[in-house]
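Novice: The following block contains the structure, expressed as structure tokens.
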Amino acid sequence: MEKSESTSGDTPQPWQSYHTVFTNAKAGMDGVDKERVQRIVYEMSKGSKYFENEERKEAFTRRKLESMRAQCAMLTAADISNNRTVADRRILELEATRDLTRIWLHVDMDAFYAAVETLSNPMLKGKPMAVGGMSMISTANYEARRFGVRAAMPGFIARKLCPELIFVPVDFKKYTYYSDLTRKVFQKYDPNFMAASLDEAYLDITNVCKQRGITSGEIAEELRTSVYEETGLMCSAGVGPNRLLAKVCSDINKPNGQFILPNDRLAVMTFISSLPIRKIGGIGKVTEHILRDVFGINTCEDMLQKGDFLCALFSRSTADFFLSVALGLGKTETPQVMLRKSISNERTFSATDDEAFLHQKLSDLAEMLSSDMQKEGLLGRTLTLKLKTASFEVRTRAVTLQKYICSSEDILKYASKLLKDELPVSLRLIGLRLSQFNTDMVGAPSETRQKTLTDFLISGVANRKSTSDNSSLGSIVDSHEICSYEDRDLLDGSHLPDLEDKHTISNKVNSPHPKSRQNAVTGLLEADSSSVEFRCNSLDEVNKRANLLDDEAVSSSNQGELLLWVNDYKCSLCGFELPLGFVEERQEHSDFHLAERLQKEESRSETRTLMPRHRFSRKENIGSQSKGKKQKISPKDKGHIPIDMFFVKSCQNF
DNA sequence: GGGGGCGACGACG
DNA sequence: TTCCACGTCGTCGCCCCC
């Protein structure tokens, strides 16, 4: 790799060991004076908090490398022989999965954002330009790349590398517009094409090649011409028997070029064997470093030869990934559905420990996240708070709730609790992520998921009637579309007398659609000594619902709360007294009875599923639990790394 | 021992 | 002058509980 080479004699210079994501080569950077770029990047970074953090990470990687080298050294001849057998067997098994029947085309727009900006402002043509700002660059045009300027580089460093660099602010609206135009072209060749990002897509062109009786090269040529005619933008294409190879191929003749790899095993093996590992999607800076410095692996062929060591030191899935890559294997089928797994927002700001400011940021993020969730009609139950401290240390703190949430109030409530445990702290970034979606909701249009009032009432009544005879709460909660047992604040869940039961209830229940939640009024119905919470879009609905139930007396002076409080004061079940104003406490109290009730039900039924008990104790003590985690001495802090502590990822794309 | 949850980290555009 | 993003997904190790 070019970054380890020195042109300044035998004496190593400090900048030569400082690697960032943007010191490696990218298309259009072949003639760059790498030594100069690396020196400038180093000098601009040296002494900064960011730099210190990079050094910390680098030291950690070094320790990992040493540990792995030690492991390699400890392998006996017998170990190596055994692992050779394992590797050879896996290679045969993987080889058997080779599919050469599909033709994949990967299309990659050339310097997309920069090219779009040049289209709308032709004055930029021929001048070094970058899309982004002083803090970060999204894309640089080819004129700027000649100076070593590239994506993911901070703007102030880019300006140092190229003082005449023109900065253009990011305009996603514009890029989306042009992206849509390109996608219209892609669709003509593969209606099910896979968009990898605004400027990249994978097309299965097997059928179009057959139907039209022309080669993949001709299709690629035609597609690129068509994209240019439609948009005025240039792109590059790669064709291969799978997506992994097509992606590698599209980079070969960039910009405005293409490379065709025939669907032929020998051609694939010849192509892949000399390929530097860094060209493979999924092998980044760290993985390359490990493979090169521990195993002496530089090319895919090396990877095949060192299969025994890879099988000995990596997990099965990671070793499989490496061996697959070395064989030039990759995904050939088109996934039917691609479901989103998480949704997040994060913002960077000047580092501060001002708690009011941090809380405001958190609140803004909760709003943004909630808005995104509602746009996509999603509900999630795992909330993750991401923090980047002033020293660039990244922390994440997560909590899995028993209810699905999407409102900004809920998000902020739980996020605040997570943040509170970290204070005081000086931060430069806060992020929020929701995951573990309610799969019933994912992918369906919002409108189809919103319950009408009629649905609500009819199914609610039917459900209620079917269960009122035996008072089976288990049956009631199964009608999760209309009833929601509102979970109380589980972070403060210690007030619940039996959290396990509490969880069992809520785990079966889905919250209503976000739209219906927005103006929801919470009601609690008390019947057969079991309380059921529900939500309606208006107070009228609450009352109608209550009337329809025709159960025993429901009394309330609070229209939203229909719990059985005698004289608005005394619990009819146990006589516990709570004044009217104690809304939350009352709800907690009703939860207590609900849990109690369910416990009885549970003892009668052995068929229902239970969630592991530990989850409740963890929720109960989320604060101390997360502190406990933090206090845990990590292997790196102890100065050694356990033998199996490697984290080389497998690629999702191959 | 397996599985869920958490936290850290790698990778990519 | 400015001083290192944002969003998403994947793997791994650890902890805890059953």
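Residues in the structure tokens are named by chain (A, B, ... in the order shown) and by number from 1 within that chain; ligands are numbered from 1 in the order shown.
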Could you pull the residues within 7 Å of stretch 2-13 of chain B, counting only C-alpha atoms (C1' of nucleotides), minus those fewer than 4 positions along the same chain, as a ChimeraX atom specification?
Specialist: /A:197,282,284,396,398,649
Novice: Keeping only N, CA and C atoms, write those residues as a PDB file, in the first residue's frame.
Specialist:
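Written file, selection38.pdb:
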ATOM      1  N   SER A 197     -26.975   4.134  -2.807  1.00  0.00           N
ATOM      2  CA  SER A 197     -26.941   5.492  -2.244  1.00  0.00           C
ATOM      3  C   SER A 197     -27.485   6.406  -3.329  1.00  0.00           C
ATOM      4  N   GLY A 282     -15.768  -3.647   2.350  1.00  0.00           N
ATOM      5  CA  GLY A 282     -15.838  -4.338   3.638  1.00  0.00           C
ATOM      6  C   GLY A 282     -14.473  -4.462   4.276  1.00  0.00           C
ATOM      7  N   GLY A 284     -11.564  -2.302   5.242  1.00  0.00           N
ATOM      8  CA  GLY A 284     -11.197  -0.907   5.409  1.00  0.00           C
ATOM      9  C   GLY A 284      -9.799  -0.761   5.975  1.00  0.00           C
ATOM     10  N   THR A 396     -21.950   4.960  23.657  1.00  0.00           N
ATOM     11  CA  THR A 396     -23.369   4.740  23.366  1.00  0.00           C
ATOM     12  C   THR A 396     -24.029   4.159  24.613  1.00  0.00           C
ATOM     13  N   ALA A 398     -27.831   2.530  25.677  1.00  0.00           N
ATOM     14  CA  ALA A 398     -29.100   2.099  25.092  1.00  0.00           C
ATOM     15  C   ALA A 398     -30.055   1.580  26.148  1.00  0.00           C
ATOM     16  N   LYS A 649     -14.831  -7.250  10.610  1.00  0.00           N
ATOM     17  CA  LYS A 649     -16.209  -7.427  10.181  1.00  0.00           C
ATOM     18  C   LYS A 649     -16.325  -8.230   8.897  1.00  0.00           C
TER      19      LYS A 649
END
Novice: Nearest to chain B: which of A:Asp190, A:Glu367, A:Glu200, A:Glu143 is it, counting only C-alpha atoms (C1' of nucleotides)?
Specialist: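 Nearest candidate to chain B out of A:Asp190, A:Glu367, A:Glu200, A:Glu143: A:Glu200.
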Novice: Give me, as a list in words, all polymer residues having an atom no more than 9 Å from C:DC3, counting only C-alpha atoms (C1' of nucleotides) and skipping those fewer than 5 positions away in the same chain.
Specialist: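 Contacts, in chain order: Met44, Ser45, Ser48, Met134, Ser135, Pro154, Gly155, Phe156 and Ile157 of chain A.
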Novice: In Å, with one decimal, what is the gap from atom CA of A:Asn242 to atom CA of A:Gly330?
Specialist: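 Spanning atom CA of A:Asn242 to atom CA of A:Gly330 is a straight-line distance of 5.2 Å.
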Novice: Would you give me, as a list in words, the residues of chain C that come within 7 Å of chain A, using only C-alpha atoms (C1' of nucleotides)?
Specialist: DT2, DC3, DC4, DA5, DC6, DG7, DG10, DT11, DC12, DG13, DC16 and DC17 of chain C
Novice: To one decimal place in Å, what is the distance between atom CA of A:Lys386 and atom CA of A:Asn53?
Specialist: 17.0 Å
